[in-house]
file query-v3.cif (mmCIF, C-alpha atoms)
data_start
#
loop_
_atom_site.label_atom_id
_atom_site.label_comp_id
_atom_site.auth_asym_id
_atom_site.auth_seq_id
_atom_site.Cartn_x
_atom_site.Cartn_y
_atom_site.Cartn_z
CA MET Q 15 0.00 0.00 0.00
CA ALA Q 16 1.77 3.14 -1.23
CA ARG Q 17 -0.47 5.95 0.03
CA ARG Q 18 -0.11 6.93 3.68
CA PHE Q 19 -2.09 9.40 5.75
CA HIS Q 20 -1.43 10.70 9.25
CA VAL Q 21 -4.39 10.38 11.62
CA PRO Q 22 -3.49 11.84 15.04
CA CYS Q 23 -6.56 10.54 16.88
CA GLY Q 24 -7.06 6.97 18.08
CA TRP Q 25 -9.00 4.35 16.19
CA THR Q 26 -10.39 0.86 16.60
CA ALA Q 27 -10.56 -1.88 13.97
CA GLY Q 28 -14.01 -1.92 12.39
CA GLY Q 29 -14.67 1.61 13.59
CA SER Q 30 -14.61 4.88 11.75
CA VAL Q 31 -12.64 8.08 12.12
CA VAL Q 32 -14.10 11.52 11.38
CA LEU Q 33 -11.32 13.90 10.39
CA SER Q 34 -10.97 17.53 11.41
CA ALA Q 35 -11.60 20.25 8.80
CA GLY Q 36 -7.86 20.65 8.13
CA GLU Q 37 -7.28 16.91 7.78
CA SER Q 38 -10.40 16.58 5.62
CA HIS Q 39 -9.19 19.36 3.31
CA HIS Q 40 -5.79 17.68 2.95
CA LEU Q 41 -7.30 14.26 2.21
CA ALA Q 42 -9.98 15.46 -0.23
CA THR Q 43 -8.28 18.41 -1.93
CA VAL Q 44 -4.52 17.88 -1.73
CA LEU Q 45 -4.45 14.07 -2.00
CA ARG Q 46 -7.62 13.99 -4.15
CA ALA Q 47 -8.93 10.97 -2.30
CA LEU Q 48 -12.22 9.47 -3.41
CA PRO Q 49 -14.67 7.19 -1.60
CA GLY Q 50 -13.31 3.65 -1.75
CA ASP Q 51 -9.64 4.69 -1.79
CA ARG Q 52 -7.46 2.86 0.73
CA PHE Q 53 -4.64 4.34 2.76
CA GLU Q 54 -2.14 3.11 5.28
CA LEU Q 55 -2.94 5.21 8.33
CA PHE Q 56 -0.38 6.05 10.99
CA ASP Q 57 -0.62 8.02 14.22
CA GLY Q 58 3.02 9.05 14.71
CA GLN Q 59 3.22 6.87 17.84
CA GLY Q 60 3.85 3.60 16.02
CA ARG Q 61 0.27 2.47 15.36
CA ARG Q 62 -0.73 1.65 11.79
CA ALA Q 63 -3.93 0.52 10.13
CA VAL Q 64 -5.54 0.15 6.72
CA GLY Q 65 -8.37 2.60 6.21
CA ARG Q 66 -10.93 3.11 3.45
CA VAL Q 67 -12.30 6.54 2.56
CA GLU Q 68 -16.06 6.62 3.07
CA LEU Q 69 -16.63 10.37 2.69
CA ALA Q 70 -14.12 12.68 1.00
CA ASP Q 71 -15.54 16.14 1.57
CA PRO Q 72 -13.04 18.99 2.18
CA LEU Q 73 -14.95 19.98 5.32
CA ALA Q 74 -15.76 16.57 6.81
CA ALA Q 75 -14.04 13.37 5.66
CA ARG Q 76 -14.59 9.94 7.20
CA LEU Q 77 -12.49 6.76 7.08
CA THR Q 78 -13.41 3.20 8.04
CA ILE Q 79 -10.68 1.18 9.74
CA LEU Q 80 -10.39 -2.14 7.92
CA GLU Q 81 -7.54 -3.72 9.87
CA GLU Q 82 -4.75 -2.97 12.29
CA LEU Q 83 -1.20 -3.48 11.03
CA ALA Q 84 1.91 -4.42 12.97
CA SER Q 85 3.26 -1.46 14.90
CA GLU Q 86 6.33 0.37 13.72
CA THR Q 87 9.00 2.02 15.77
CA PRO Q 88 8.39 5.81 15.87
CA ALA Q 89 11.16 7.96 14.41
#
call {"tool": "encode", "arguments": {"input": "query-v3.cif", "output": "structure tokens"}}
result
Amino acid sequence: MARRFHVPCGWTAGGSVVLSAGESHHLATVLRALPGDRFELFDGQGRRAVGRVELADPLAARLTILEELASETPA
């Protein structure tokens, strides 16, 4: 999975994450994400997950967490 996106808030597998306005703008406008697109999500603390874009609006985007990935060592 080549596309990565930083999600600073916590998540749970099978749950969804509603992004802030700034994060939503970046996902929808800068990255041009569309519903159905998949990203490797990371939180900057070592947690990773696979997420699918459900709503890609510049003001309110939402991702569904499909699965947790093995943790990585934070830089």
call {"tool": "residues_around", "arguments": {"input": "query-v3.cif", "residues": "Arg62 (chain Q)", "least_positions_apart": "2", "cutoff": "8 Å", "atoms": "all atoms listed in the file", "output": "list in words"}}
result
Glu54, Leu55, Phe56, Asp57, Gly60, Val64, Glu82, Leu83, Ala84, Ser85 and Glu86 of chain Q
call {"tool": "resolve_selection", "arguments": {"input": "query-v3.cif", "expression": "the PyMOL selection byres ((chain Q and resi 49) around 6)", "output": "PyMOL selection string"}}
result
chain Q and resi 48+50-51+67-69
call {"tool": "closest_residue", "arguments": {"input": "query-v3.cif", "among": "Q:Ala42, Q:Ala63, Q:Leu73, Q:Ala47", "to": "Gly28 (chain Q)", "atoms": "only C-alpha atoms"}}
result
Q:Ala63
call {"tool": "closest_residue", "arguments": {"input": "query-v3.cif", "among": "Q:Pro22, Q:Gly29, Q:Gly58, Q:Gly36", "to": "Asp71 (chain Q)", "atoms": "only C-alpha atoms"}}
result
Q:Gly36
call {"tool": "residues_around", "arguments": {"input": "query-v3.cif", "residues": "Leu45 (chain Q)", "least_positions_apart": "3", "cutoff": "12 Å", "atoms": "only C-alpha atoms", "output": "PyMOL selection string"}}
result
chain Q and resi 17-19+37-42+48+51-53+67+70-72
call {"tool": "resolve_selection", "arguments": {"input": "query-v3.cif", "expression": "the PyMOL selection byres ((chain Q and resi 78) around 6)", "output": "NGL selection string"}}
result
:Q and (29-30 or 65-66 or 77 or 79)
call {"tool": "write_last_selection", "arguments": {"input": "query-v3.cif", "atoms": "C-alpha atoms", "output": "mmCIF file, in the coordinates of the input"}}
result
data_model
loop_
_atom_site.group_PDB
_atom_site.id
_atom_site.type_symbol
_atom_site.label_atom_id
_atom_site.label_comp_id
_atom_site.auth_asym_id
_atom_site.auth_seq_id
_atom_site.Cartn_x
_atom_site.Cartn_y
_atom_site.Cartn_z
ATOM 1 C CA GLY Q 29 -14.670 1.610 13.590
ATOM 2 C CA SER Q 30 -14.610 4.880 11.750
ATOM 3 C CA GLY Q 65 -8.370 2.600 6.210
ATOM 4 C CA ARG Q 66 -10.930 3.110 3.450
ATOM 5 C CA LEU Q 77 -12.490 6.760 7.080
ATOM 6 C CA ILE Q 79 -10.680 1.180 9.740
#
call {"tool": "closest_residue", "arguments": {"input": "query-v3.cif", "among": "Q:Ala16, Q:Cys23, Q:Val32, Q:Ala75", "to": "Arg61 (chain Q)", "atoms": "all atoms listed in the file"}}
result
Q:Cys23
